[in-house]
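Q: Sharing structure.json here; it has JSON, C-alpha atoms.
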[["chain", "number", "residue", "atom", "x", "y", "z"],
["A", 238, "ALA", "CA", 0.00, 0.00, 0.00],
["A", 239, "GLN", "CA", 1.13, 3.49, -0.78],
["A", 240, "THR", "CA", 1.63, 6.13, 1.87],
["A", 241, "VAL", "CA", 1.93, 9.89, 1.54],
["A", 242, "THR", "CA", 3.49, 12.06, 4.23],
["A", 243, "GLN", "CA", 3.33, 15.81, 4.63],
["A", 244, "SER", "CA", 5.63, 16.76, 7.48],
["A", 245, "GLN", "CA", 4.51, 20.39, 7.84],
["A", 246, "PRO", "CA", 1.06, 20.63, 9.45],
["A", 247, "GLU", "CA", 1.07, 24.42, 9.27],
["A", 248, "MET", "CA", 3.04, 27.07, 7.46],
["A", 249, "SER", "CA", 2.81, 30.79, 6.97],
["A", 250, "VAL", "CA", 4.30, 33.15, 4.41],
["A", 251, "GLN", "CA", 4.20, 36.84, 3.76],
["A", 252, "GLU", "CA", 2.32, 38.04, 0.74],
["A", 253, "ALA", "CA", 4.52, 38.16, -2.39],
["A", 254, "GLU", "CA", 7.11, 35.80, -0.93],
["A", 255, "THR", "CA", 7.87, 32.21, -1.90],
["A", 256, "VAL", "CA", 7.00, 29.13, 0.11],
["A", 257, "THR", "CA", 7.72, 25.42, -0.36],
["A", 258, "LEU", "CA", 5.48, 22.64, 0.91],
["A", 259, "SER", "CA", 7.01, 19.20, 1.39],
["A", 260, "CYS", "CA", 5.64, 15.81, 0.49],
["A", 261, "THR", "CA", 7.18, 12.35, 0.53],
["A", 262, "TYR", "CA", 5.61, 9.11, -0.53],
["A", 263, "ASP", "CA", 6.30, 5.44, -0.47],
["A", 264, "THR", "CA", 5.48, 3.05, -3.29],
["A", 265, "SER", "CA", 6.88, 0.06, -5.11],
["A", 266, "GLU", "CA", 5.25, 1.16, -8.36],
["A", 267, "ASN", "CA", 7.24, 2.63, -11.20],
["A", 268, "ASN", "CA", 4.43, 4.36, -13.04],
["A", 269, "TYR", "CA", 2.18, 6.62, -11.04],
["A", 270, "TYR", "CA", 0.84, 10.14, -10.73],
["A", 271, "LEU", "CA", 1.29, 12.80, -8.08],
["A", 272, "PHE", "CA", -0.99, 15.73, -7.40],
["A", 273, "TRP", "CA", -1.27, 18.79, -5.23],
["A", 274, "TYR", "CA", -4.80, 19.75, -4.30],
["A", 275, "LYS", "CA", -5.90, 22.98, -2.61],
["A", 276, "GLN", "CA", -8.87, 23.17, -0.25],
["A", 277, "PRO", "CA", -9.72, 26.77, 0.69],
["A", 278, "PRO", "CA", -11.74, 27.33, 3.87],
["A", 279, "SER", "CA", -15.30, 26.10, 3.32],
["A", 280, "ARG", "CA", -14.70, 25.73, -0.39],
["A", 281, "GLN", "CA", -14.25, 22.90, -2.83],
["A", 282, "MET", "CA", -11.03, 21.03, -3.36],
["A", 283, "ILE", "CA", -9.33, 21.96, -6.61],
["A", 284, "LEU", "CA", -6.34, 20.59, -8.45],
["A", 285, "VAL", "CA", -3.25, 22.81, -8.32],
["A", 286, "ILE", "CA", -0.75, 20.78, -10.28],
["A", 287, "ARG", "CA", -0.03, 17.22, -11.40],
["A", 288, "GLN", "CA", 3.10, 15.23, -12.24],
["A", 289, "GLU", "CA", 3.43, 11.98, -14.17],
["A", 290, "ALA", "CA", 6.20, 9.85, -12.70],
["A", 291, "TYR", "CA", 7.59, 8.92, -16.10],
["A", 292, "LYS", "CA", 8.23, 12.58, -16.92],
["A", 293, "GLN", "CA", 11.56, 13.89, -15.69],
["A", 294, "GLN", "CA", 10.63, 17.50, -16.25],
["A", 295, "ASN", "CA", 9.06, 19.19, -13.25],
["A", 296, "ALA", "CA", 5.51, 20.42, -13.78],
["A", 297, "THR", "CA", 4.75, 24.15, -13.66],
["A", 298, "GLU", "CA", 1.45, 26.01, -13.57],
["A", 299, "ASN", "CA", 1.87, 29.78, -13.42],
["A", 300, "ARG", "CA", 3.07, 30.59, -9.88],
["A", 301, "PHE", "CA", 3.03, 26.92, -8.85],
["A", 302, "SER", "CA", 5.85, 24.50, -9.56],
["A", 303, "VAL", "CA", 7.00, 21.18, -8.21],
["A", 304, "ASN", "CA", 10.34, 19.61, -7.41],
["A", 305, "PHE", "CA", 9.88, 15.93, -8.23],
["A", 306, "GLN", "CA", 12.69, 13.67, -7.05],
["A", 307, "LYS", "CA", 11.66, 10.16, -8.04],
["A", 308, "ALA", "CA", 14.58, 8.33, -6.46],
["A", 309, "ALA", "CA", 14.07, 10.14, -3.19],
["A", 310, "LYS", "CA", 10.26, 9.79, -3.50],
["A", 311, "SER", "CA", 9.84, 13.46, -2.85],
["A", 312, "PHE", "CA", 7.33, 15.83, -4.40],
["A", 313, "SER", "CA", 7.43, 19.39, -3.06],
["A", 314, "LEU", "CA", 5.27, 22.31, -4.13],
["A", 315, "LYS", "CA", 6.69, 25.79, -4.55],
["A", 316, "ILE", "CA", 4.36, 28.76, -4.56],
["A", 317, "SER", "CA", 5.93, 31.95, -5.87],
["A", 318, "ASP", "CA", 4.61, 35.47, -5.31],
["A", 319, "SER", "CA", 2.18, 34.21, -2.66],
["A", 320, "GLN", "CA", -1.25, 35.80, -2.69],
["A", 321, "LEU", "CA", -3.88, 36.08, 0.04],
["A", 322, "GLY", "CA", -6.08, 33.76, -2.01],
["A", 323, "ASP", "CA", -3.50, 31.01, -1.64],
["A", 324, "THR", "CA", -4.53, 30.61, 2.01],
["A", 325, "ALA", "CA", -5.85, 27.05, 2.18],
["A", 326, "MET", "CA", -5.17, 23.46, 3.11],
["A", 327, "TYR", "CA", -2.85, 21.82, 0.61],
["A", 328, "PHE", "CA", -2.94, 18.08, 0.08],
["A", 329, "CYS", "CA", -0.38, 15.97, -1.69],
["A", 330, "ALA", "CA", -1.91, 12.91, -3.36],
["A", 331, "PHE", "CA", -0.71, 9.75, -5.07],
["A", 332, "LYS", "CA", -2.45, 7.68, -7.72],
["A", 333, "ASP", "CA", -1.23, 4.49, -9.34],
["A", 334, "ASN", "CA", -2.34, 2.96, -12.63],
["A", 335, "ALA", "CA", -5.00, 0.74, -11.09],
["A", 336, "GLY", "CA", -7.81, 3.27, -11.08],
["A", 337, "ASN", "CA", -8.84, 6.62, -9.74],
["A", 338, "MET", "CA", -8.10, 6.02, -6.08],
["A", 339, "LEU", "CA", -6.16, 8.88, -4.54],
["A", 340, "THR", "CA", -4.04, 8.40, -1.44],
["A", 341, "PHE", "CA", -3.72, 11.71, 0.37],
["A", 342, "GLY", "CA", -1.19, 13.10, 2.77],
["A", 343, "GLY", "CA", -2.33, 14.67, 6.02],
["A", 344, "GLY", "CA", -2.31, 18.17, 4.57],
["A", 345, "THR", "CA", -0.48, 21.43, 5.21],
["A", 346, "ARG", "CA", -2.41, 24.46, 6.34],
["A", 347, "LEU", "CA", -0.92, 27.49, 4.61],
["A", 348, "MET", "CA", -1.61, 31.00, 5.80],
["A", 349, "VAL", "CA", -0.60, 33.92, 3.60],
["A", 350, "LYS", "CA", -0.17, 37.06, 5.67],
["A", 351, "PRO", "CA", -0.62, 40.59, 4.31],
["B", 259, "LYS", "CA", -20.37, 22.85, -17.65],
["B", 260, "ALA", "CA", -21.93, 22.38, -14.25],
["B", 261, "GLY", "CA", -19.59, 21.05, -11.58],
["B", 262, "VAL", "CA", -19.99, 18.07, -9.31],
["B", 263, "THR", "CA", -23.02, 18.46, -7.11],
["B", 264, "GLN", "CA", -23.71, 16.73, -3.83],
["B", 265, "THR", "CA", -26.91, 16.57, -1.87],
["B", 266, "PRO", "CA", -27.70, 17.22, 0.84],
["B", 267, "ARG", "CA", -24.98, 19.64, 1.91],
["B", 268, "TYR", "CA", -25.61, 19.13, 5.61],
["B", 269, "LEU", "CA", -27.15, 16.26, 7.48],
["B", 270, "ILE", "CA", -27.74, 15.50, 11.14],
["B", 271, "LYS", "CA", -28.54, 11.96, 12.19],
["B", 272, "THR", "CA", -28.55, 9.96, 15.39],
["B", 273, "ARG", "CA", -26.64, 6.79, 16.17],
["B", 274, "GLY", "CA", -28.15, 3.68, 14.67],
["B", 275, "GLN", "CA", -29.87, 5.45, 11.80],
["B", 276, "GLN", "CA", -28.90, 5.10, 8.18],
["B", 277, "VAL", "CA", -28.15, 7.78, 5.65],
["B", 278, "THR", "CA", -27.95, 8.11, 1.87],
["B", 279, "LEU", "CA", -25.80, 10.72, 0.17],
["B", 280, "SER", "CA", -26.05, 11.63, -3.48],
["B", 281, "CYS", "CA", -23.49, 12.77, -6.03],
["B", 282, "SER", "CA", -24.07, 14.00, -9.57],
["B", 283, "PRO", "CA", -20.87, 14.03, -11.62],
["B", 284, "ILE", "CA", -19.90, 16.44, -14.33],
["B", 285, "SER", "CA", -21.73, 15.66, -17.53],
["B", 286, "GLY", "CA", -19.84, 13.02, -19.49],
["B", 287, "HIS", "CA", -17.81, 11.80, -16.54],
["B", 288, "ARG", "CA", -18.26, 8.11, -15.92],
["B", 289, "SER", "CA", -16.04, 7.61, -12.87],
["B", 290, "VAL", "CA", -17.23, 8.64, -9.41],
["B", 291, "SER", "CA", -15.14, 8.28, -6.27],
["B", 292, "TRP", "CA", -16.09, 8.87, -2.65],
["B", 293, "TYR", "CA", -13.84, 10.08, 0.16],
["B", 294, "GLN", "CA", -14.32, 10.60, 3.87],
["B", 295, "GLN", "CA", -12.60, 13.60, 5.44],
["B", 296, "THR", "CA", -12.18, 13.86, 9.21],
["B", 297, "PRO", "CA", -9.80, 15.90, 11.38],
["B", 298, "GLY", "CA", -8.31, 12.76, 12.87],
["B", 299, "GLN", "CA", -7.98, 10.44, 9.87],
["B", 300, "GLY", "CA", -7.69, 13.00, 7.09],
["B", 301, "LEU", "CA", -8.90, 12.10, 3.62],
["B", 302, "GLN", "CA", -9.63, 8.44, 3.09],
["B", 303, "PHE", "CA", -10.82, 6.70, -0.03],
["B", 304, "LEU", "CA", -14.14, 4.89, 0.28],
["B", 305, "PHE", "CA", -14.88, 3.49, -3.18],
["B", 306, "GLU", "CA", -14.92, 4.21, -6.89],
["B", 307, "TYR", "CA", -17.60, 3.42, -9.43],
["B", 308, "PHE", "CA", -17.32, 3.31, -13.17],
["B", 309, "SER", "CA", -20.17, 2.36, -15.49],
["B", 310, "GLU", "CA", -22.26, 1.13, -12.57],
["B", 311, "THR", "CA", -19.50, -1.19, -11.35],
["B", 312, "GLN", "CA", -17.42, -0.80, -8.23],
["B", 313, "ARG", "CA", -13.80, -0.58, -9.39],
["B", 314, "ASN", "CA", -11.97, -0.02, -6.13],
["B", 315, "LYS", "CA", -12.87, -0.15, -2.47],
["B", 316, "GLY", "CA", -11.12, 1.37, 0.52],
["B", 317, "ASN", "CA", -10.70, -0.11, 3.95],
["B", 318, "PHE", "CA", -14.10, 0.66, 5.43],
["B", 319, "PRO", "CA", -16.61, -1.66, 7.10],
["B", 320, "GLY", "CA", -19.52, -3.15, 5.21],
["B", 321, "ARG", "CA", -21.83, -0.53, 6.70],
["B", 322, "PHE", "CA", -20.53, 1.73, 3.95],
["B", 323, "SER", "CA", -21.91, 0.91, 0.55],
["B", 324, "GLY", "CA", -22.52, 2.64, -2.72],
["B", 325, "ARG", "CA", -23.93, 2.32, -6.16],
["B", 326, "GLN", "CA", -23.92, 4.08, -9.48],
["B", 327, "PHE", "CA", -26.80, 4.53, -11.85],
["B", 328, "SER", "CA", -26.84, 4.41, -15.63],
["B", 329, "ASN", "CA", -26.68, 8.22, -15.80],
["B", 330, "SER", "CA", -23.45, 8.05, -13.70],
["B", 331, "ARG", "CA", -25.07, 9.58, -10.64],
["B", 332, "SER", "CA", -23.89, 7.85, -7.50],
["B", 333, "GLU", "CA", -25.20, 7.30, -4.02],
["B", 334, "MET", "CA", -23.46, 6.12, -0.92],
["B", 335, "ASN", "CA", -25.22, 4.64, 2.05],
["B", 336, "VAL", "CA", -24.09, 4.29, 5.63],
["B", 337, "SER", "CA", -26.12, 2.01, 7.85],
["B", 338, "THR", "CA", -26.17, 1.78, 11.63],
["B", 339, "LEU", "CA", -24.48, 5.13, 12.03],
["B", 340, "GLU", "CA", -21.79, 5.57, 14.66],
["B", 341, "LEU", "CA", -20.47, 8.76, 16.21],
["B", 342, "GLY", "CA", -17.19, 8.24, 14.34],
["B", 343, "ASP", "CA", -19.00, 8.47, 11.02],
["B", 344, "SER", "CA", -19.32, 12.22, 11.51],
["B", 345, "ALA", "CA", -17.31, 13.63, 8.64],
["B", 346, "LEU", "CA", -17.26, 15.56, 5.41],
["B", 347, "TYR", "CA", -18.03, 13.16, 2.58],
["B", 348, "LEU", "CA", -16.55, 14.22, -0.72],
["B", 349, "CYS", "CA", -17.44, 12.97, -4.13],
["B", 350, "ALA", "CA", -15.14, 13.32, -7.13],
["B", 351, "SER", "CA", -15.76, 12.64, -10.78],
["B", 352, "SER", "CA", -13.42, 12.12, -13.69],
["B", 353, "ALA", "CA", -13.48, 11.11, -17.29],
["B", 354, "TRP", "CA", -12.06, 7.66, -17.87],
["B", 355, "ASP", "CA", -10.34, 8.56, -21.08],
["B", 356, "ARG", "CA", -6.80, 8.34, -19.81],
["B", 357, "LEU", "CA", -4.89, 7.62, -16.67],
["B", 358, "GLY", "CA", -3.81, 10.50, -14.51],
["B", 359, "ASN", "CA", -6.81, 12.55, -15.52],
["B", 360, "GLU", "CA", -8.02, 15.18, -13.11],
["B", 361, "GLN", "CA", -10.63, 14.41, -10.51],
["B", 362, "PHE", "CA", -13.14, 17.18, -9.88],
["B", 363, "PHE", "CA", -14.47, 17.38, -6.36],
["B", 364, "GLY", "CA", -17.90, 18.38, -5.17],
["B", 365, "PRO", "CA", -18.55, 20.65, -2.18],
["B", 366, "GLY", "CA", -19.17, 17.69, 0.10],
["B", 367, "THR", "CA", -21.89, 16.58, 2.47],
["B", 368, "ARG", "CA", -21.22, 17.31, 6.10],
["B", 369, "LEU", "CA", -22.68, 14.51, 8.19],
["B", 370, "THR", "CA", -23.07, 14.93, 11.93],
["B", 371, "VAL", "CA", -24.01, 11.89, 13.99],
["B", 372, "LEU", "CA", -25.40, 12.61, 17.44]]
Would you kindly transcribe this structure into C-alpha cells?
A:
Amino acid sequence: AQTVTQSQPEMSVQEAETVTLSCTYDTSENNYYLFWYKQPPSRQMILVIRQEAYKQQNATENRFSVNFQKAAKSFSLKISDSQLGDTAMYFCAFKDNAGNMLTFGGGTRLMVKP
Amino acid sequence: KAGVTQTPRYLIKTRGQQVTLSCSPISGHRSVSWYQQTPGQGLQFLFEYFSETQRNKGNFPGRFSGRQFSNSRSEMNVSTLELGDSALYLCASSAWDRLGNEQFFGPGTRLTVL
C-alpha cells in the first residue's frame, strides 16, 4: 500500500514571498501520478498541479511548480509570489495505474499574511 | 459545464440510523469516487464506481456501501451510524479517457451523527 506524508502541518508566508510545501511518498510502483490539491476554507477542493512519474521535467502552472525527485520519492510544491487567495489546506496525493483512487497526505495548512 | 453536485450539503442523524448521500458528476464523466474527510484520519478513499460497477474499495466496514446509476449519478449509504462516522463526505468525478486525468471534487456533504 502506498503512503503519503506531509511533514509540515502548518506554514505561513508573507504576501509576495515564496513558500515550499514538502511531500514524501512510499510506493513500489514505477508508473504513477502525483498531485497537489488545494482546499480553501469552506470551499471545494481543486487541483493545483499534477506530475506523471515517467516525466523527468518538473511540472509548472503559473506561480506553482514542483520539485519531483523520483529516487528520493519526494514531491514538493513551490508557490511563488504568494497571494492572500493562496490561504488554504494543501494536500499531496498519489495515484497508481489501477484506477482513480487517490491516497492523500495529512495536509499542510498554509496562511498567507498581508 | 456544471460542476460536481452533492446533496444534501448538511445532514444531522442519530446513532443507529442510516443515511444516503447523493453525487451528480460532471456531464460526461463516468467515474465517481467517494472520500471521507475527518480531522483525525484526514482524507480516506471509500470506493470508486465506473459504469455502474465498483472498481476499487477502501478499507471501510460493510456498513458503507454505494452504487452508481446508468446516468453516472452515484449514491453512498451508511447504515447503523456511529459517532465516528461524523465527517465531510466528498465525491469526485473524472473522465475515464486516460490515466492520470483530473478528478473534480464536489462541495461535500457534512454529516453529523449525534
Q: Identify the residues around (-15.9, 11.6, 5.5) within a radius of 8 Å, measuring from only C-alpha atoms in the coordinates stated by the file, and give them as a PDB file with C-alpha atoms, keeping the file's coordinate frame.
A:
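This is the output file result15.pdb:
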ATOM      1  CA  TYR B 293     -13.840  10.080   0.160  1.00  0.00           C
ATOM      2  CA  GLN B 294     -14.320  10.600   3.870  1.00  0.00           C
ATOM      3  CA  GLN B 295     -12.600  13.600   5.440  1.00  0.00           C
ATOM      4  CA  THR B 296     -12.180  13.860   9.210  1.00  0.00           C
ATOM      5  CA  LEU B 301      -8.900  12.100   3.620  1.00  0.00           C
ATOM      6  CA  GLN B 302      -9.630   8.440   3.090  1.00  0.00           C
ATOM      7  CA  ASP B 343     -19.000   8.470  11.020  1.00  0.00           C
ATOM      8  CA  SER B 344     -19.320  12.220  11.510  1.00  0.00           C
ATOM      9  CA  ALA B 345     -17.310  13.630   8.640  1.00  0.00           C
ATOM     10  CA  LEU B 346     -17.260  15.560   5.410  1.00  0.00           C
ATOM     11  CA  TYR B 347     -18.030  13.160   2.580  1.00  0.00           C
ATOM     12  CA  LEU B 348     -16.550  14.220  -0.720  1.00  0.00           C
ATOM     13  CA  ARG B 368     -21.220  17.310   6.100  1.00  0.00           C
ATOM     14  CA  LEU B 369     -22.680  14.510   8.190  1.00  0.00           C
TER      15      LEU B 369
END
Q: Give me, as a tab-separated table, each residue of chain B that comes within 12 Å of chain A, together with its shortest interatomic pair and the distance in Å at one decimal, counting all atoms listed in the file, with rows ordered by chain and rising residue number.
A:
residue	atom	partner	partner_atom	distance
B:Gly261	CA	A:Gln281	CA	10.4
B:Val262	CA	A:Gln281	CA	9.9
B:Thr263	CA	A:Gln281	CA	10.7
B:Gln264	CA	A:Gln281	CA	11.3
B:Arg267	CA	A:Ser279	CA	11.7
B:Arg288	CA	A:Asn337	CA	11.4
B:Ser289	CA	A:Asn337	CA	7.9
B:Val290	CA	A:Asn337	CA	8.6
B:Ser291	CA	A:Asn337	CA	7.4
B:Trp292	CA	A:Met338	CA	9.2
B:Tyr293	CA	A:Leu339	CA	9.1
B:Gln294	CA	A:Phe341	CA	11.2
B:Gln295	CA	A:Gly343	CA	10.3
B:Thr296	CA	A:Gly343	CA	10.4
B:Pro297	CA	A:Gly343	CA	9.3
B:Gly298	CA	A:Gly343	CA	9.3
B:Gln299	CA	A:Gly343	CA	8.0
B:Gly300	CA	A:Gly343	CA	5.7
B:Leu301	CA	A:Phe341	CA	6.1
B:Gln302	CA	A:Thr340	CA	7.2
B:Phe303	CA	A:Met338	CA	6.7
B:Leu304	CA	A:Met338	CA	8.8
B:Phe305	CA	A:Met338	CA	7.8
B:Glu306	CA	A:Met338	CA	7.1
B:Tyr307	CA	A:Asn337	CA	9.3
B:Phe308	CA	A:Asn337	CA	9.7
B:Gln312	CA	A:Gly336	CA	10.8
B:Arg313	CA	A:Gly336	CA	7.3
B:Asn314	CA	A:Met338	CA	7.2
B:Lys315	CA	A:Met338	CA	8.6
B:Gly316	CA	A:Met338	CA	8.6
B:Asn317	CA	A:Ala238	CA	11.4
B:Leu346	CA	A:Ser279	CA	10.9
B:Tyr347	CA	A:Gln281	CA	11.8
B:Leu348	CA	A:Met282	CA	9.2
B:Cys349	CA	A:Met282	CA	10.3
B:Ala350	CA	A:Met282	CA	9.5
B:Ser351	CA	A:Asn337	CA	9.2
B:Ser352	CA	A:Asn337	CA	8.2
B:Ala353	CA	A:Asn337	CA	9.9
B:Trp354	CA	A:Asn337	CA	8.8
B:Asp355	CA	A:Gly336	CA	11.6
B:Arg356	CA	A:Asn334	CA	10.0
B:Leu357	CA	A:Asn334	CA	6.7
B:Gly358	CA	A:Tyr270	CA	6.0
B:Asn359	CA	A:Asn337	CA	8.5
B:Glu360	CA	A:Leu284	CA	7.3
B:Gln361	CA	A:Leu284	CA	7.8
B:Phe362	CA	A:Ile283	CA	6.9
B:Phe363	CA	A:Met282	CA	5.8
B:Gly364	CA	A:Gln281	CA	6.3
B:Pro365	CA	A:Gln281	CA	4.9
B:Gly366	CA	A:Gln281	CA	7.7
B:Thr367	CA	A:Gln281	CA	11.2
B:Arg368	CA	A:Ser279	CA	11.0
Q: Any idea what's packed within 6 Å of Leu339 of chain B, counting all atoms listed in the file, ignoring anything in its chain fewer than 4 positions away? Could you give it as a list in words?
A: Arg273, Gly274, Gln275 and Gln276 of chain B
Q: From the set A:Met326, A:Gln294, A:Pro278, A:Ala253, which residue has the shortest atom-to-atom contact distance to Gln306 of chain A, counting all atoms listed in the file?
A: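 Counting all atoms listed in the file, the residue closest to Gln306 of chain A is A:Gln294.
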Q: List as number ranges by chain the protein and nucleic acid residues near Leu372 of chain B, meaning an atom at most 7 Å away when all atoms listed in the file are counted, but skip any in the same chain fewer than 4 places from it.
A: B: 271-273, 341
Q: Kindly give the distance, in Å, that separates atom CA of Ser311 of chain A and atom CA of Ser265 of chain A, rounded to a single decimal.
A: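 Distance between the two atoms: 13.9 Å.
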Q: Report the distance between atom CA of Glu333 of chain B and atom CA of Ser282 of chain B in Å, rounded to one decimal place.
A: 8.8 Å
Q: Is there a way to complete segment 280-291 of chain A with N, CA, C and O atoms and then write that out as a CSV table (one decimal), in the coordinates of the input?
A:
chain,number,residue,atom,x,y,z
A,280,ARG,N,-14.5,25.8,1.1
A,280,ARG,CA,-14.7,25.7,-0.4
A,280,ARG,C,-14.2,24.4,-0.9
A,280,ARG,O,-13.6,23.6,-0.3
A,281,GLN,N,-14.5,24.2,-2.2
A,281,GLN,CA,-14.2,22.9,-2.8
A,281,GLN,C,-12.8,22.7,-3.1
A,281,GLN,O,-12.0,23.6,-3.3
A,282,MET,N,-12.4,21.4,-3.1
A,282,MET,CA,-11.0,21.0,-3.4
A,282,MET,C,-10.8,21.2,-4.9
A,282,MET,O,-11.6,20.7,-5.7
A,283,ILE,N,-9.7,21.8,-5.2
A,283,ILE,CA,-9.3,22.0,-6.6
A,283,ILE,C,-7.9,21.5,-6.9
A,283,ILE,O,-7.0,21.6,-6.0
A,284,LEU,N,-7.7,21.0,-8.1
A,284,LEU,CA,-6.3,20.6,-8.4
A,284,LEU,C,-5.4,21.8,-8.7
A,284,LEU,O,-5.8,22.7,-9.4
A,285,VAL,N,-4.2,21.7,-8.1
A,285,VAL,CA,-3.2,22.8,-8.3
A,285,VAL,C,-2.3,22.4,-9.4
A,285,VAL,O,-2.0,23.2,-10.4
A,286,ILE,N,-1.8,21.2,-9.3
A,286,ILE,CA,-0.8,20.8,-10.3
A,286,ILE,C,-0.6,19.3,-10.2
A,286,ILE,O,-0.9,18.6,-9.2
A,287,ARG,N,-0.2,18.7,-11.3
A,287,ARG,CA,0.0,17.2,-11.4
A,287,ARG,C,1.3,16.9,-12.1
A,287,ARG,O,1.8,17.7,-12.8
A,288,GLN,N,1.8,15.7,-11.7
A,288,GLN,CA,3.1,15.2,-12.2
A,288,GLN,C,3.0,13.8,-12.6
A,288,GLN,O,2.6,13.0,-11.7
A,289,GLU,N,3.4,13.4,-13.8
A,289,GLU,CA,3.4,12.0,-14.2
A,289,GLU,C,4.8,11.5,-13.8
A,289,GLU,O,5.8,12.1,-14.2
A,290,ALA,N,4.9,10.3,-13.2
A,290,ALA,CA,6.2,9.8,-12.7
A,290,ALA,C,7.2,9.6,-13.8
A,290,ALA,O,8.4,9.6,-13.6
A,291,TYR,N,6.7,9.2,-15.0
A,291,TYR,CA,7.6,8.9,-16.1
A,291,TYR,C,8.2,10.2,-16.7
A,291,TYR,O,9.1,10.1,-17.6
